[in-house]
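Structure first, commentary second.
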2 protein chains.
Amino acid sequence: MYRSHTCGQLRLADTGTSVTLAGWVQTVRKFGSITFIDLRDRYGITQLLFNEELNGKLDEQPLGREFVLQAKGVVNERSKKNANIPTGEIEILVSDFAILNKSAVPPFTIQDDTDGGDDLRMKYRYLDLRRNAVKRNLELRYAVNRAARNYLHENGFMDIETPFLIKSTPEGARDFVVPSRMNAGQFYALPQSPQTFKQLLMVSGYDRYYQIVKCFRDEDLRADRQPEFTQIDCEMAFVEQEDILNMFEGLVRSIFKEVKGIDYSDTIHRMTWEDAMYTYGNDKPDIRFDMKIANLKVPITVFVSRQEELKSSAFGSGETGFAVFDNAETVLAIAVPGASEYTRKQIDELTEWVKRPQIGMQGLVNIRYNADGTLKSSVDKFFNADQLKGIANYTNAQPGDLILILAGREEKTRKATSDLRLLMGTRLGFRKDNEFRLLWVLDFPLFEYAEEDNRWVARHHPFTSPKPDQIATMINNNPVIENAADYLNHPYATIKANAYDMVLNGNEIGGGSIRIYQRELQEKMFAALGMDAEEQQHKFGFLLGAFEYGAPPHGGIAFGFDRLCSILGGSESIRDFIAFPKNNSGRDVMLDAPSAIDAKQFDELQIKLDLK
Amino acid sequence: MYRSHTCGQLRLADTGTSVTLAGWVQTVRKFGSITFIDLRDRYGITQLLFNEELNGKLDEQPLGREFVLQAKGVVNERSKKNANIPTGEIEILVSDFAILNKSAVPPFTIQDDTDGGDDLRMKYRYLDLRRNAVKRNLELRYAVNRAARNYLHENGFMDIETPFLIKSTPEGARDFVVPSRMNAGQFYALPQSPQTFKQLLMVSGYDRYYQIVKCFRDEDLRADRQPEFTQIDCEMAFVEQEDILNMFEGLVRSIFKEVKGIDYSDTIHRMTWEDAMYTYGNDKPDIRFDMKIANLKVPITVFVSRQEELKSSAFGSGETGFAVFDNAETVLAIAVPGASEYTRKQIDELTEWVKRPQIGMQGLVNIRYNADGTLKSSVDKFFNADQLKGIANYTNAQPGDLILILAGREEKTRKATSDLRLLMGTRLGFRKDNEFRLLWVLDFPLFEYAEEDNRWVARHHPFTSPKPDQIATMINNNPVIENAADYLNHPYATIKANAYDMVLNGNEIGGGSIRIYQRELQEKMFAALGMDAEEQQHKFGFLLGAFEYGAPPHGGIAFGFDRLCSILGGSESIRDFIAFPKNNSGRDVMLDAPSAIDAKQFDELQIKLDLK
């Protein structure tokens with residue numbers, strides 16, 4: 001060992017102890033003939049004091065930032081104590097030292113607030129990882145890992161490794177593929193998830209499976225996506241949806257407790273997908289704040305279950321005389337608490353914000369509900385005071401609120417209203433990093449309509465089961481959509497899935513479903529997705545086969561581990577919680593990967609480039 | 001939940017309790033109007049008793065093997081108890097049941113001794129995994145995983161995930177590569193190990209890292225190799241070799257304790273690589289038994305450190321008059337305890353065994369050291385009684401032993417003698433599955449000579465450090481081998497590494513080294529392996545760069561997780577300890593992978609086949 005203690009370990013009670021420390025030089029401060037050095041390691045920082053006897057040696061071997069230093073000495077009480085660090089009451093009176101390795105001047109400072117830009121920090125990731133801010137993220141990640149494993153172990157789950165070199169069955173996202181040298185002309189795929197393997201393990205009787213496992217998707221990357229990412233992947237047999245919800249509420253509570261010291265004992269709310277979309281415009285609502293959407297006008301077909309409610313909505317079927325509303329498919333409003341005194345400039349800025357291409361609305365209607373109870377609107381000429389009051393009541397606005405209204409096509413308007421709600425929530429400080437609200441979203445539609453192919457796609461994945469009372473609907477109807485314009489009236493459009501998402505502060509942190517375990521139903525699902533019997537057999541013959549030999553009822557869930565960690569760490573970016581992340585082009589700029597390969601490798605793999 | 005209890009849970013004390021069980025039908029036995037069913041799940045087997053009231057329902061819904069059954073009933077004391085299973089004192093008096101899923105007749109029996117051949121079992125792996133024998137293996141694997149994580153956690157190690165999509169730097173084994181769609185013409189590689197990443201983590205100050213992680217090597221597969229395999233991968237900073245040996249002895253002891261209930265408190269022997277080769281003919285000797293090799297004649301150059309000993313060996317430099325020995329480079333003997341009465345037929349069979357192409361020796365000399373003290377040899381005409389006695393003494397033979405002698409080229413003869421020793425050890429019952437002997441093999445040569453390229457290759461890997469007192473030898477000499485015939489006299493030939501293997505029962509279960517952490521030394525190493533500066537920069541520029549910014553002394557180890565589990569489980573085959581293994585052609589026969597991919601995939605990846 002190059003050290004007797006770490007740099008975070010020594011306290012006043014150790015005074016007089018002879019110690020050897022090793023670490024990195026954080027700072028060098030010279031005061032006349034004495035030199036102070038802050039020595040840093042994973043565990044903390046300890047002050048070293050070099051007296052004048054060591055001047056000569058220090059002159060011969062000058063120390064710089066990030067040098068690796070070993071120092072021997074005696075623990076000494078400091079005259080000027082530093083209350084900000086645990087070792088702040090002591091220093092080491094150095095008797096001898098050795099430079100274990102030198103360091104060039106780092107390209108950015110190794111401090112919480114570094115002067116390094118993103119690109120530089122990615123290139124020198126091994127230096128960026130030295131910063132406390134990044135280290136705390138990886139420590140949090142390990143704590144989540146550990147808490148999850150402990151909880152799952154205590155609940156009888158077994159970690160069983162599933163293969164990484166599997167078969168390409170693209171359905172949804174693109175596979176990364178791996179050419180096989182021993183089977184020339186053929187390819188493995190990297191798993192997008194261990195989905196079918198964990199289902200096979202249930203067929204095999206393993207009952208409670210988990211894995212914290214890398215998954216791969218070759219998608220065009222958005223800011224917060226990585227081509228390789230980690231899942232906490234779980235599956236249980238002989239369970240119904242309620243059992244899974246309870247088990248994994250326990251998991252998340254346990255993670256909160258172990259990692260954050262938070263006793264999350266509140267009931268975890270449950271909301272149907274329809275309610276989430278209707279009330280928050282979003283299937284992963286942030287319920288840290290209220291500001292619910294008032295559905296002033298909505299196409300009834302989209303929210304079948306709310307037909308009665310909608311008939312009595314603010315201006316459900318009648319004309320308002322205001323063409324923008326009358327011509328719009330959907331009109332949605334939110335009441336922003338305490339914002340009635342927003343300036344014209346502030347409102348103009350919000351109007352510009354909703355008109356940006358990413359949001360894409362035509363404009364923004366506002367109604368100020370003044371503190372004195374009067375109402376003032378940007379569309380006063382179309383609505384009298386009673387009508388404005390009616391809208392205000394329908395949106396549950398209070399005096400002092402600012403009502404914002406968007407109108408347009410259903411899908412776009414709903415998303416825009418959700419985005420606007422989140423923006424206002426952020427601006428008003430309703431979305432606190434250290435406040436956590438969990439939510440289950442349930443009863444997702446089983447299918448989505450794919451316009452380009454005029455067929456169904458699985459909303460969750462093709463292994464998700466419909467609600468038990470809708471299995472017959474699925475089996476007894478032909479999945480083919482005869483009339484594209486009328487797809488919402490196809491019996492499959494109303495089938496709900498036994499699927500559930502866990503949402504934390506407006507982010508989906510986990511999702512899963514009760515699975516299909518009957519061959520006939522699975523074949524019907526594949527057929528609905530446009531796969532004929534031959535393709536089904538080629539891609540999923542092993543699973544259909546497994547369902548012939550006594551498959552039990554089962555279901556599961558997968559948590560996005562990177563995302564979960566970033567939210568717990570109070571950050572928007574998953575990249576900060578990954579030791580060696582890739583950039584938005586899928587490149588590891590530190591390694592400079594991907595890169596060209598040798599002619600010999602092409603030759604052995606029997607492939608060649610075919611560049612466009 | 002489909003059940004109130006598992007099939008392994010109920011005992012006599014539960015008599016009278018109403019329960020619901022769910023599981024698989026193991027057996028159906030009819031006795032007149034009553035039916036017994038053994039219901040199986042992950043946790044055990046419980047007997048169900050169907051009385052005649054259920055006859056009608058059973059006739060309507062007949063039960064078959066591997067049907068998934070849910071049964072309600074009351075726990076009842078059995079009249080005929082079964083002492084062999086924990087639930088053997090009770091049965092369930094069934095009041096109602098439901099078939100949750102049917103099963104076709106399985107292609108082999110789901111029993112410890114199955115009638116399924118390897119191919120069938122691999123194809124229907126999901127059924128094979130139901131067998132108790134396989135389930136026990138995966139349970140053991142999970143127990144090892146858990147024990148390792150707990151020990152490492154308690155010792156301050158952090159699990160930090162390293163990337164799977166990295167850069168291809170083939171050095172030794174072949175990489176699997178992954179074409180990048182977003183960076184057309186470029187490829188990622190799958191990691192052969194996280195070696196450079198864990199070193200970077202040490203440079204970043206993480207100090208104690210571990211990961212239980214998949215690694216990938218595209219090699220032609222031998223029986224006991226898999227293209228993807230799992231390592232327990234560890235690294236520590238500020239340590240010397242001794243620290244690592246102590247830390248990981250602790251890990252293995254902890255695994256023995258937690259997984260096998262074995263208190264492995266014996267000292268773990270340490271042996272140099274030279275001693276292992278000299279005494280056992282093998283760098284991973286099985287020390288469960290003695291039967292050491294007697295070096296009758298050995299080329300001194302190969303075992304430099306044993307020059308003095310060799311000069312006094314049985315017929316070290318003198319001629320014996322027996323041309324087979326006199327012409328051989330090497331003559332090695334083992335004394336097989338209690339085998340002096342082997343029949344002529346038995347000895348002939350051994351002679352045939354050493355002549356097989358896999359062993360490749362010309363013949364086998366034997367000397368019977370009879371119980372009465374007389375000696376009888378197959379080469380009596382060349383050796384008198386005193387000479388035979390001399391050989392017997394030199395081999396440490398006792399009366400009753402059979403001395404077996406092989407002669408030929410050094411490398412081949414030594415390997416053959418080692419193989420023969422292991423064969424005799426097995427035949428004599430010295431290699432018990434439930435006896436465990438650990439051993440450290442130390443001081444490996446840093447380099448091996450690659451004849452085809454007349455250059456050095458790294459015996460462990462290119463990141464392994466020479467012994468501290470040999471760093472100067474490495475730095476101060478030109479690695480180029482001027483005279484191929486005389487490579488053994490190149491200064492690099494004698495450099496030993498700070499490398500260590502942990503050996504269990506004749507298998508390498510782990511290996512590691514103290515690493516190079518100085519840029520200059522690392523460059524010298526790369527140069528010795530034939531890499532010029534440009535190639536070094538292209539392949540390992542990030543590591544050389546990292547060594548510029550304060551790299552600490554560090555070292556680590558990786559355990560072969562699959563192998564470790566198989567040995568602890570008393571099996572030769574790692575495949576039995578992997579949930580979804582591949583066959584010897586690297587195929588997953590259950591998935592039928594690898595397989596062809598779509599034209600669209602080729603198109604997007606901008607590659608095409610180039611089949612020979």
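Residue numbering restarts at 1 for every chain of the structure tokens, chains are lettered A, B, ... in their displayed order, and ligands are numbered from 1 as they appear.
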
Inset, instruction - Find the residues around region 1-9 of chain B up to 12 Å (only C-alpha atoms counted), leave out those fewer than 6 positions away in its own chain, and share them as a ChimeraX atom specification. - result: /A:156,205,207,236-247,552-555 /B:17-26,38-48,68-75,85-92,97-100

Inset, instruction - From a DSSP pass on the backbone, collect the residues of region 143-202 of chain A flagged as strand (DSSP E) and hand them back as number ranges by chain. - result: A: 158-159, 177-179, 187-189

Once you have the residues from the selection above, write them out as a PDB file, in the first residue's frame, restricted to all heavy atoms.
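again17.pdb, written as the output of this step:
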ATOM      1  N   MET A 158     -33.852 -13.235  -8.809  1.00  0.00           N
ATOM      2  CA  MET A 158     -32.529 -13.757  -9.162  1.00  0.00           C
ATOM      3  C   MET A 158     -31.973 -12.958 -10.330  1.00  0.00           C
ATOM      4  O   MET A 158     -32.672 -12.759 -11.328  1.00  0.00           O
ATOM      5  CB  MET A 158     -32.647 -15.206  -9.654  1.00  0.00           C
ATOM      6  CG  MET A 158     -32.338 -16.269  -8.642  1.00  0.00           C
ATOM      7  SD  MET A 158     -32.690 -17.884  -9.377  1.00  0.00           S
ATOM      8  CE  MET A 158     -31.146 -18.223 -10.242  1.00  0.00           C
ATOM      9  N   ASP A 159     -30.713 -12.559 -10.214  1.00  0.00           N
ATOM     10  CA  ASP A 159     -30.011 -11.944 -11.340  1.00  0.00           C
ATOM     11  C   ASP A 159     -29.591 -13.069 -12.290  1.00  0.00           C
ATOM     12  O   ASP A 159     -28.812 -13.941 -11.906  1.00  0.00           O
ATOM     13  CB  ASP A 159     -28.793 -11.187 -10.798  1.00  0.00           C
ATOM     14  CG  ASP A 159     -27.979 -10.489 -11.887  1.00  0.00           C
ATOM     15  OD1 ASP A 159     -28.180 -10.790 -13.077  1.00  0.00           O
ATOM     16  OD2 ASP A 159     -27.128  -9.659 -11.529  1.00  0.00           O
ATOM     17  N   VAL A 177     -26.043  -4.295 -35.358  1.00  0.00           N
ATOM     18  CA  VAL A 177     -25.750  -5.673 -35.760  1.00  0.00           C
ATOM     19  C   VAL A 177     -24.246  -5.947 -35.715  1.00  0.00           C
ATOM     20  O   VAL A 177     -23.431  -5.020 -35.767  1.00  0.00           O
ATOM     21  CB  VAL A 177     -26.312  -6.003 -37.162  1.00  0.00           C
ATOM     22  CG1 VAL A 177     -27.829  -5.874 -37.181  1.00  0.00           C
ATOM     23  CG2 VAL A 177     -25.654  -5.150 -38.220  1.00  0.00           C
ATOM     24  N   VAL A 178     -23.911  -7.228 -35.605  1.00  0.00           N
ATOM     25  CA  VAL A 178     -22.526  -7.668 -35.436  1.00  0.00           C
ATOM     26  C   VAL A 178     -22.269  -8.781 -36.446  1.00  0.00           C
ATOM     27  O   VAL A 178     -22.844  -9.863 -36.320  1.00  0.00           O
ATOM     28  CB  VAL A 178     -22.305  -8.210 -34.008  1.00  0.00           C
ATOM     29  CG1 VAL A 178     -20.863  -8.643 -33.804  1.00  0.00           C
ATOM     30  CG2 VAL A 178     -22.728  -7.190 -32.959  1.00  0.00           C
ATOM     31  N   PRO A 179     -21.425  -8.530 -37.464  1.00  0.00           N
ATOM     32  CA  PRO A 179     -21.170  -9.604 -38.432  1.00  0.00           C
ATOM     33  C   PRO A 179     -20.493 -10.800 -37.767  1.00  0.00           C
ATOM     34  O   PRO A 179     -19.624 -10.632 -36.912  1.00  0.00           O
ATOM     35  CB  PRO A 179     -20.247  -8.947 -39.468  1.00  0.00           C
ATOM     36  CG  PRO A 179     -19.798  -7.647 -38.886  1.00  0.00           C
ATOM     37  CD  PRO A 179     -20.734  -7.279 -37.781  1.00  0.00           C
ATOM     38  N   PHE A 187     -25.444 -12.290 -39.234  1.00  0.00           N
ATOM     39  CA  PHE A 187     -25.215 -11.223 -38.245  1.00  0.00           C
ATOM     40  C   PHE A 187     -25.909 -11.555 -36.937  1.00  0.00           C
ATOM     41  O   PHE A 187     -27.006 -12.099 -36.923  1.00  0.00           O
ATOM     42  CB  PHE A 187     -25.770  -9.885 -38.767  1.00  0.00           C
ATOM     43  CG  PHE A 187     -25.017  -9.333 -39.946  1.00  0.00           C
ATOM     44  CD1 PHE A 187     -25.156  -9.908 -41.200  1.00  0.00           C
ATOM     45  CD2 PHE A 187     -24.152  -8.251 -39.805  1.00  0.00           C
ATOM     46  CE1 PHE A 187     -24.463  -9.415 -42.304  1.00  0.00           C
ATOM     47  CE2 PHE A 187     -23.455  -7.750 -40.894  1.00  0.00           C
ATOM     48  CZ  PHE A 187     -23.602  -8.334 -42.152  1.00  0.00           C
ATOM     49  N   TYR A 188     -25.241 -11.194 -35.849  1.00  0.00           N
ATOM     50  CA  TYR A 188     -25.926 -11.110 -34.560  1.00  0.00           C
ATOM     51  C   TYR A 188     -26.543  -9.710 -34.465  1.00  0.00           C
ATOM     52  O   TYR A 188     -26.171  -8.797 -35.214  1.00  0.00           O
ATOM     53  CB  TYR A 188     -24.954 -11.250 -33.388  1.00  0.00           C
ATOM     54  CG  TYR A 188     -24.161 -12.517 -33.342  1.00  0.00           C
ATOM     55  CD1 TYR A 188     -22.834 -12.550 -33.790  1.00  0.00           C
ATOM     56  CD2 TYR A 188     -24.712 -13.681 -32.803  1.00  0.00           C
ATOM     57  CE1 TYR A 188     -22.088 -13.713 -33.715  1.00  0.00           C
ATOM     58  CE2 TYR A 188     -23.963 -14.846 -32.726  1.00  0.00           C
ATOM     59  CZ  TYR A 188     -22.654 -14.865 -33.188  1.00  0.00           C
ATOM     60  OH  TYR A 188     -21.907 -16.014 -33.106  1.00  0.00           O
ATOM     61  N   ALA A 189     -27.432  -9.529 -33.506  1.00  0.00           N
ATOM     62  CA  ALA A 189     -27.870  -8.179 -33.133  1.00  0.00           C
ATOM     63  C   ALA A 189     -27.584  -7.990 -31.653  1.00  0.00           C
ATOM     64  O   ALA A 189     -27.545  -8.963 -30.894  1.00  0.00           O
ATOM     65  CB  ALA A 189     -29.351  -8.006 -33.404  1.00  0.00           C
TER      66      ALA A 189
END

Inset, instruction - Could you please write out, as a ChimeraX atom specification, every residue of region 125-233 of chain B that DSSP assigns to helix (DSSP H, G or I)? - result: /B:125-128,132-154,195-203

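For the set A:Asn51, A:Asn366, A:Asn155, A:Asn454, the residue with the smallest atom-to-atom gap to Ile37 (chain A) is A:Asn51, counting only C-alpha atoms.
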
Legend entry - For Ala546 (chain A), the nearest of the candidates A:Phe197, A:Thr114, A:Leu609, A:Leu504, counting only C-alpha atoms: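 Of the candidates, the smallest distance to Ala546 (chain A) is held by A:Phe197.
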
Legend entry - Neighbour list for Gln211 (chain B) as JSON, numbers by chain, cut-off 9 Å, only C-alpha atoms, skip fewer than 3 positions in-chain: {"B": [149, 158, 159, 160, 161, 162, 231, 232, 233, 234]}

Inset, instruction - Considering only C-alpha atoms, return as a list of chain:residue names whatever protein or nucleic-acid residues lie within 12 Å of Pro468 (chain B), sequence-local ones (same chain, fewer than 2 positions apart) excluded. - result: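 Close residues of Pro468 (chain B): B:Glu240, B:Gln241, B:Asp443, B:Thr464, B:Ser465, B:Pro466, B:Gln470, B:Ile471, B:Ala472, B:Thr473, B:Met474, B:Ile475, B:Ile495, B:Lys496, B:Ala497, B:Asn498, B:Ala499, B:Ile514, B:Arg515, B:Ile516, B:Leu521, B:Pro553.
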
Legend entry - Residue with smallest distance to Leu190 (chain A) - pool B:Lys608, B:Ala593, B:Lys102, B:Leu564, counting only C-alpha atoms: B:Ala593

Counting only C-alpha atoms, what is within 9 Å of region 341-354 of chain B, bar same-chain residues fewer than 2 positions away, as a PDB file with N, CA and C atoms, in the first residue's frame?
ATOM      1  N   GLY B 338       1.161 -46.341  -5.910  1.00  0.00           N
ATOM      2  CA  GLY B 338       0.402 -47.591  -5.816  1.00  0.00           C
ATOM      3  C   GLY B 338       0.037 -48.213  -7.138  1.00  0.00           C
ATOM      4  N   ALA B 339       0.755 -47.848  -8.211  1.00  0.00           N
ATOM      5  CA  ALA B 339       0.370 -48.372  -9.525  1.00  0.00           C
ATOM      6  C   ALA B 339       1.373 -49.390 -10.056  1.00  0.00           C
ATOM      7  N   ARG B 356      -1.289 -40.558 -28.864  1.00  0.00           N
ATOM      8  CA  ARG B 356      -2.382 -39.912 -29.622  1.00  0.00           C
ATOM      9  C   ARG B 356      -1.901 -38.560 -30.151  1.00  0.00           C
ATOM     10  N   PRO B 357      -2.445 -38.121 -31.278  1.00  0.00           N
ATOM     11  CA  PRO B 357      -1.961 -36.848 -31.858  1.00  0.00           C
ATOM     12  C   PRO B 357      -2.075 -35.671 -30.882  1.00  0.00           C
ATOM     13  N   GLN B 358      -3.117 -35.670 -30.056  1.00  0.00           N
ATOM     14  CA  GLN B 358      -3.274 -34.556 -29.108  1.00  0.00           C
ATOM     15  C   GLN B 358      -2.107 -34.476 -28.126  1.00  0.00           C
ATOM     16  N   ILE B 359      -1.469 -35.630 -27.848  1.00  0.00           N
ATOM     17  CA  ILE B 359      -0.332 -35.649 -26.916  1.00  0.00           C
ATOM     18  C   ILE B 359       0.976 -35.686 -27.721  1.00  0.00           C
ATOM     19  N   GLY B 360       1.038 -36.641 -28.655  1.00  0.00           N
ATOM     20  CA  GLY B 360       2.084 -36.610 -29.666  1.00  0.00           C
ATOM     21  C   GLY B 360       3.461 -37.104 -29.234  1.00  0.00           C
ATOM     22  N   MET B 361       3.528 -37.980 -28.210  1.00  0.00           N
ATOM     23  CA  MET B 361       4.829 -38.512 -27.815  1.00  0.00           C
ATOM     24  C   MET B 361       5.116 -39.791 -28.602  1.00  0.00           C
ATOM     25  N   GLN B 362       6.434 -40.145 -28.620  1.00  0.00           N
ATOM     26  CA  GLN B 362       6.849 -41.349 -29.356  1.00  0.00           C
ATOM     27  C   GLN B 362       6.585 -42.622 -28.571  1.00  0.00           C
ATOM     28  N   GLY B 363       6.661 -42.534 -27.257  1.00  0.00           N
ATOM     29  CA  GLY B 363       6.456 -43.729 -26.450  1.00  0.00           C
ATOM     30  C   GLY B 363       6.498 -43.371 -24.985  1.00  0.00           C
ATOM     31  N   LEU B 364       6.364 -44.411 -24.147  1.00  0.00           N
ATOM     32  CA  LEU B 364       6.286 -44.208 -22.706  1.00  0.00           C
ATOM     33  C   LEU B 364       7.184 -45.241 -22.031  1.00  0.00           C
ATOM     34  N   VAL B 365       8.154 -44.777 -21.265  1.00  0.00           N
ATOM     35  CA  VAL B 365       9.026 -45.677 -20.509  1.00  0.00           C
ATOM     36  C   VAL B 365       8.434 -45.861 -19.120  1.00  0.00           C
ATOM     37  N   ASN B 366       8.442 -47.130 -18.635  1.00  0.00           N
ATOM     38  CA  ASN B 366       7.928 -47.320 -17.279  1.00  0.00           C
ATOM     39  C   ASN B 366       8.915 -48.099 -16.417  1.00  0.00           C
ATOM     40  N   ARG B 368       8.583 -50.223 -12.809  1.00  0.00           N
ATOM     41  CA  ARG B 368       7.761 -50.654 -11.674  1.00  0.00           C
ATOM     42  C   ARG B 368       8.640 -50.715 -10.437  1.00  0.00           C
ATOM     43  N   ASN B 370       8.452 -52.270  -7.329  1.00  0.00           N
ATOM     44  CA  ASN B 370       7.586 -53.265  -6.705  1.00  0.00           C
ATOM     45  C   ASN B 370       7.543 -53.090  -5.190  1.00  0.00           C
ATOM     46  N   ALA B 371       6.479 -53.621  -4.620  1.00  0.00           N
ATOM     47  CA  ALA B 371       6.285 -53.497  -3.170  1.00  0.00           C
ATOM     48  C   ALA B 371       7.462 -54.108  -2.405  1.00  0.00           C
ATOM     49  N   GLY B 400       5.866 -49.838  -4.571  1.00  0.00           N
ATOM     50  CA  GLY B 400       4.450 -49.895  -4.948  1.00  0.00           C
ATOM     51  C   GLY B 400       4.091 -48.887  -6.019  1.00  0.00           C
ATOM     52  N   ASP B 401       5.013 -47.976  -6.328  1.00  0.00           N
ATOM     53  CA  ASP B 401       4.728 -46.941  -7.331  1.00  0.00           C
ATOM     54  C   ASP B 401       5.101 -47.412  -8.740  1.00  0.00           C
ATOM     55  N   LEU B 402       4.474 -46.768  -9.697  1.00  0.00           N
ATOM     56  CA  LEU B 402       4.837 -46.973 -11.090  1.00  0.00           C
ATOM     57  C   LEU B 402       5.419 -45.658 -11.615  1.00  0.00           C
ATOM     58  N   LEU B 406       8.672 -39.725 -19.893  1.00  0.00           N
ATOM     59  CA  LEU B 406       8.492 -39.248 -21.266  1.00  0.00           C
ATOM     60  C   LEU B 406       9.741 -38.475 -21.683  1.00  0.00           C
ATOM     61  N   ALA B 416       3.005 -32.912 -22.237  1.00  0.00           N
ATOM     62  CA  ALA B 416       2.544 -34.305 -22.221  1.00  0.00           C
ATOM     63  C   ALA B 416       2.640 -34.884 -20.813  1.00  0.00           C
ATOM     64  N   THR B 417       3.732 -34.565 -20.120  1.00  0.00           N
ATOM     65  CA  THR B 417       3.904 -35.097 -18.766  1.00  0.00           C
ATOM     66  C   THR B 417       2.847 -34.516 -17.834  1.00  0.00           C
ATOM     67  N   ASP B 419      -0.134 -33.519 -18.784  1.00  0.00           N
ATOM     68  CA  ASP B 419      -1.401 -34.172 -19.144  1.00  0.00           C
ATOM     69  C   ASP B 419      -1.479 -35.578 -18.551  1.00  0.00           C
ATOM     70  N   LEU B 420      -0.346 -36.288 -18.626  1.00  0.00           N
ATOM     71  CA  LEU B 420      -0.310 -37.653 -18.089  1.00  0.00           C
ATOM     72  C   LEU B 420      -0.517 -37.632 -16.567  1.00  0.00           C
TER      73      LEU B 420
END

Hey, what's within 10 Å of Asn183 (chain B) if we count only C-alpha atoms and toss same-chain stuff fewer than 5 positions away? As a CSV table (one decimal) with C-alpha atoms, in the first residue's frame, please?
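Result written to out33.csv:
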chain,number,residue,atom,x,y,z
A,585,SER,CA,-23.4,11.7,-33.0
A,586,GLY,CA,-22.9,8.5,-31.1
A,587,ARG,CA,-19.2,9.1,-30.9
A,593,ALA,CA,-14.7,5.7,-31.8
A,594,PRO,CA,-16.2,4.4,-34.0
A,595,SER,CA,-13.3,4.3,-36.3
A,596,ALA,CA,-12.0,2.6,-39.5
B,188,TYR,CA,-17.4,0.1,-33.0
B,605,LEU,CA,-25.3,0.6,-42.6
B,606,GLN,CA,-23.7,1.2,-46.0

Legend entry - Nearest-residue call for Ile391 (chain B), choices B:Arg125, B:Lys297, B:Arg459, B:Arg130, using only C-alpha atoms: B:Lys297
